[in-house]
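Q: Have a look at this one.
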Number of protein chains: 2
Amino acid sequence: MCQLLGMNCNIPTDILFSFEGFCARGGHTDEHSDGWGIAFFEDTGCRLFIDSKASTSSPVAEMVRNYPIRSKNVIAHIRKATIGEVSLVNTHPFMRELWGRYWIFAHNGDLEGELPPLAGRFRPVGSTDSEHAFCLILETLVDRFGYTEPDKPQLTRALGEITATLASYGVFNFLLSDGRYLFAHCSTDLYYVVRQAPFSTAHLIDQDVTVDFREVTSPDDRVAVIATKPLTDNEAWTTMTAGQLLVFENGLPQPCQTM
Amino acid sequence: MCQLLGMNCNIPTDILFSFEGFCARGGHTDEHSDGWGIAFFEDTGCRLFIDSKASTSSPVAEMVRNYPIRSKNVIAHIRKATIGEVSLVNTHPFMRELWGRYWIFAHNGDLEGELPPLAGRFRPVGSTDSEHAFCLILETLVDRFGYTEPDKPQLTRALGEITATLASYGVFNFLLSDGRYLFAHCSTDLYYVVRQAPFSTAHLIDQDVTVDFREVTSPDDRVAVIATKPLTDNEAWTTMTAGQLLVFENGLPQPCQTM
């Protein structure tokens, strides 16, 4: 199984502290060493770094660890290959464009059986069930709304329905973002924490590193971090429930209806 | 004006030598300091690194300079902003997916007047004429072939026609690749060199660096390098002519018909 990490904030924030602990799971404190990737939205622009090496030995991860990219939406993934060979093309997150926005998707879990076929508007480049599911999500959005972007209630309702359909194929923990919203769906394992004033300290589980957020934040900052397993051992992480789909905006989660 | 760098090879090759000289033009030996980007195909997978900092001071460029990624198709770009503000979203190369392949595009020049509108299947995320033109290329391919991938003669003929249409709007030097072929179009400035046995030495123009290709190649290797201006001062670079569209495959250029 893979691991997911997401961040959604009200102001651009660097993810270095969380990434430090997450990265250690890619071959160091855990066995997810079949590649990793991270996507940073900067306004509507998006940077996607992927590497088929383990995150603990990747020169790209080393660069990301030392380059504080400030972003309101980040999605990262470390891979333990189950479906699809170990190669760059099968490395999450995946990126596509729809409605003049980049969309980023990363998945944890296996979908079983044959997924519905794709018409061709979006097509996987690699061989994972995950990329196929991502293409199905986007294709269904186009089928429903055409090339006119829906508003947030329409979008969240549609994603709720698509997610419920795809989740029936197996384990479908995922993170999805268009640079404004970050959608998080839990089948089995997903936790989140919202950091806001009054800020305190946090201590990583996977590395002996502590940060005092009072020193690096402003009173209005709000940051949500979402992960397959809690990253810190002294904060109150909320356990997402099976079938729960949340949409994070400005660091705050709201429920989406799944059918 | 921006600068372009492309590489097309018959076996995966690292671009470090050429990138070294090219990178120096992004704020050091030339003024193209409004961001830069590079895309590496690895089989069908693709890694796209972009940064809105000058390539001479970018941590991402520093990492790329020290990480020999082997690729059969590479496209790089350094930007001097003319149309569209300096921001990550306007940084070339651009990436989209079509026919289950990633497509990468970078452009040098300005297109003037109003480009034809887009139906929505591909839409620019940023505000450059370049990304709009890229979306038009892909949209026209879908209009012509639907979601069934054409063969190479059909594809090159179609690209020749689309290119001729778009080139009528202004200066349209570009590099385009789907990971198999690398298309290079010259309006005003584009040069290439094909390196193959017997290999010799090459000396950069922008840095005092020499490489002896005999030490780093096998007899069957063939590498084409395409650039806005020649990168070395002791090799025979071929000047592309105005209106010329070439398709490079396995390090060899072939002409495409433009209408």
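Chain identifiers are assigned as A, B, and so on, following the order in which chains appear in the structure tokens; residues are numbered from 1 within each chain, and ligands are numbered from 1 in order of appearance.
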Taking the DSSP secondary structure from the backbone, can you list the residues of range 6-247 of chain A that are strand (DSSP E), as a PyMOL selection string?

A: chain A and resi 6-13+36-42+45-51+71-78+94-98+101-108+173-177+182-186+191-196+201-203+210-212+222-227+238-239+244-247

Q: Assign secondary structure with DSSP using the backbone only, and return the residues of range 114-257 of chain B in helix (DSSP H, G or I) as a PyMOL selection string.

A: chain B and resi 129-145+152-167+213-215

Q: Take the residues that were just selected and, keeping C-alpha atoms, output them as a compact mmCIF listing (two decimals), in the first residue's frame.

A:
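Generated file (result-v5.txt):
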# COMPACT_ATOMS: atom_id res chain seq x y z
CA ASP B 129 0.14 32.99 -26.73
CA SER B 130 2.44 29.95 -26.62
CA GLU B 131 0.21 27.80 -24.44
CA HIS B 132 -2.81 28.86 -26.49
CA ALA B 133 -1.01 27.76 -29.67
CA PHE B 134 -0.11 24.43 -28.07
CA CYS B 135 -3.77 23.86 -27.16
CA LEU B 136 -4.76 24.72 -30.75
CA ILE B 137 -2.30 22.16 -32.11
CA LEU B 138 -3.72 19.41 -29.91
CA GLU B 139 -7.34 20.42 -30.51
CA THR B 140 -6.77 20.34 -34.28
CA LEU B 141 -5.25 16.86 -33.99
CA VAL B 142 -8.34 15.67 -32.10
CA ASP B 143 -10.66 17.34 -34.62
CA ARG B 144 -8.85 15.48 -37.38
CA PHE B 145 -8.20 12.06 -35.85
CA LYS B 152 3.57 8.83 -38.31
CA PRO B 153 2.93 10.04 -41.91
CA GLN B 154 -0.59 11.17 -41.00
CA LEU B 155 0.65 12.90 -37.87
CA THR B 156 3.54 14.72 -39.54
CA ARG B 157 1.33 15.87 -42.42
CA ALA B 158 -1.30 17.21 -40.00
CA LEU B 159 1.32 18.97 -37.89
CA GLY B 160 2.78 20.53 -41.04
CA GLU B 161 -0.59 22.03 -41.90
CA ILE B 162 -1.36 23.26 -38.39
CA THR B 163 2.13 24.74 -38.08
CA ALA B 164 1.81 26.66 -41.34
CA THR B 165 -1.48 28.14 -40.15
CA LEU B 166 -0.13 29.20 -36.76
CA ALA B 167 3.15 30.49 -38.19
CA PHE B 213 32.31 12.27 -26.54
CA ARG B 214 34.60 9.29 -27.30
CA GLU B 215 34.80 8.73 -23.56

Q: Counting only C-alpha atoms, which residue out of A:Phe94, A:Phe17, A:Tyr147, A:Phe105 sits closest to chain B?

A: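 Going through A:Phe94, A:Phe17, A:Tyr147, A:Phe105 one by one, the smallest distance to chain B is for A:Tyr147.
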
Q: Distance limit 9 Å, atoms considered: only C-alpha atoms. Which chain A residues sit that close to chain B? Return them as number ranges by chain.

A: A: 42-51, 59-60, 62-64, 66-67, 87-91, 95-102, 119-126, 146-148

Q: Please produce a file of the residues just selected, as a compact mmCIF listing (two decimals), in the first residue's frame, where the atoms kept are C-alpha atoms.

A:
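As a result, result19.txt now contains:
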# COMPACT_ATOMS: atom_id res chain seq x y z
CA GLU A 42 1.44 28.12 -6.97
CA ASP A 43 -1.61 30.22 -7.84
CA THR A 44 -2.96 28.37 -10.87
CA GLY A 45 0.49 27.09 -11.82
CA CYS A 46 1.59 23.66 -10.71
CA ARG A 47 4.93 21.98 -10.20
CA LEU A 48 5.02 18.21 -10.22
CA PHE A 49 8.16 16.42 -9.08
CA ILE A 50 8.23 12.66 -9.55
CA ASP A 51 11.00 10.12 -9.17
CA PRO A 59 18.11 13.69 -5.52
CA VAL A 60 14.75 15.29 -6.33
CA GLU A 62 16.76 16.13 -1.45
CA MET A 63 16.15 19.28 -3.52
CA VAL A 64 12.51 19.54 -2.36
CA ASN A 66 15.93 22.14 0.87
CA TYR A 67 13.76 24.42 -1.26
CA SER A 87 8.50 3.06 -13.44
CA LEU A 88 8.26 6.81 -13.77
CA VAL A 89 5.05 6.59 -15.79
CA ASN A 90 3.27 4.82 -12.92
CA THR A 91 4.45 7.27 -10.27
CA MET A 95 -1.65 15.63 -13.67
CA ARG A 96 -4.22 16.64 -16.28
CA GLU A 97 -5.80 19.91 -17.40
CA LEU A 98 -9.55 20.56 -17.32
CA TRP A 99 -11.44 23.88 -17.54
CA GLY A 100 -8.14 25.75 -17.81
CA ARG A 101 -6.92 24.37 -14.46
CA TYR A 102 -4.40 21.70 -13.60
CA ALA A 119 -13.97 7.32 -24.22
CA GLY A 120 -10.56 8.86 -24.92
CA ARG A 121 -10.88 12.45 -23.70
CA PHE A 122 -8.55 11.49 -20.85
CA ARG A 123 -6.45 8.37 -21.10
CA PRO A 124 -3.89 6.83 -18.74
CA VAL A 125 -0.29 6.93 -19.96
CA GLY A 126 0.83 4.24 -17.51
CA GLY A 146 -19.08 19.91 -20.73
CA TYR A 147 -16.41 22.58 -20.99
CA THR A 148 -18.26 25.02 -18.71

Q: List the neighbours of range 181-192 of chain B out to 8 Å using only C-alpha atoms; skip same-chain residues closer than 4 positions along the sequence, and give me the result as a PyMOL selection string.

A: chain B and resi 8+73+163+167+171-177+224-230+237-249

Q: Write a file of the selected residues as a PDB file, in the first residue's frame, keeping C-alpha atoms.

A:
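Result file is again-v7.pdb:
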ATOM      1  CA  ASN B   8      16.457  13.508 -29.539  1.00  0.00           C
ATOM      2  CA  ASN B  73      13.625  13.183 -25.829  1.00  0.00           C
ATOM      3  CA  THR B 163       2.126  24.738 -38.078  1.00  0.00           C
ATOM      4  CA  ALA B 167       3.152  30.495 -38.190  1.00  0.00           C
ATOM      5  CA  VAL B 171       7.323  34.126 -35.006  1.00  0.00           C
ATOM      6  CA  PHE B 172       6.733  30.480 -34.262  1.00  0.00           C
ATOM      7  CA  ASN B 173       9.961  28.650 -33.445  1.00  0.00           C
ATOM      8  CA  PHE B 174       8.915  25.625 -31.403  1.00  0.00           C
ATOM      9  CA  LEU B 175       9.835  22.198 -30.111  1.00  0.00           C
ATOM     10  CA  LEU B 176       7.129  19.565 -29.613  1.00  0.00           C
ATOM     11  CA  SER B 177       7.445  15.944 -28.515  1.00  0.00           C
ATOM     12  CA  ALA B 224      20.578  15.295 -32.210  1.00  0.00           C
ATOM     13  CA  VAL B 225      20.706  18.589 -30.323  1.00  0.00           C
ATOM     14  CA  ILE B 226      18.493  21.464 -31.452  1.00  0.00           C
ATOM     15  CA  ALA B 227      18.908  25.018 -30.124  1.00  0.00           C
ATOM     16  CA  THR B 228      17.955  28.634 -30.787  1.00  0.00           C
ATOM     17  CA  LYS B 229      21.668  29.388 -31.168  1.00  0.00           C
ATOM     18  CA  PRO B 230      24.527  26.893 -31.517  1.00  0.00           C
ATOM     19  CA  TRP B 237      25.575  23.180 -36.679  1.00  0.00           C
ATOM     20  CA  THR B 238      22.978  23.112 -39.450  1.00  0.00           C
ATOM     21  CA  THR B 239      20.907  26.274 -39.800  1.00  0.00           C
ATOM     22  CA  MET B 240      17.211  25.556 -40.170  1.00  0.00           C
ATOM     23  CA  THR B 241      15.407  27.674 -42.722  1.00  0.00           C
ATOM     24  CA  ALA B 242      12.305  29.804 -42.244  1.00  0.00           C
ATOM     25  CA  GLY B 243       9.182  27.653 -42.470  1.00  0.00           C
ATOM     26  CA  GLN B 244      11.077  24.389 -42.043  1.00  0.00           C
ATOM     27  CA  LEU B 245       9.506  21.685 -39.877  1.00  0.00           C
ATOM     28  CA  LEU B 246      11.655  18.670 -39.026  1.00  0.00           C
ATOM     29  CA  VAL B 247      10.707  15.506 -37.197  1.00  0.00           C
ATOM     30  CA  PHE B 248      13.575  13.908 -35.270  1.00  0.00           C
ATOM     31  CA  GLU B 249      13.444  10.199 -34.476  1.00  0.00           C
TER      32      GLU B 249
END

Q: What's the 12 Å shell around Pro12 in chain A, counting only C-alpha atoms, without same-chain residues fewer than 2 positions away, as a PyMOL selection string?

A: chain A and resi 7-10+14-15+40-43+68-74+179-180+217-218+221-224+250-251

Q: Distance CA of Ala24 in chain A-CA of His77 in chain A, one decimal place?

A: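 Spanning CA of Ala24 in chain A to CA of His77 in chain A is a straight-line distance of 12.1 Å.
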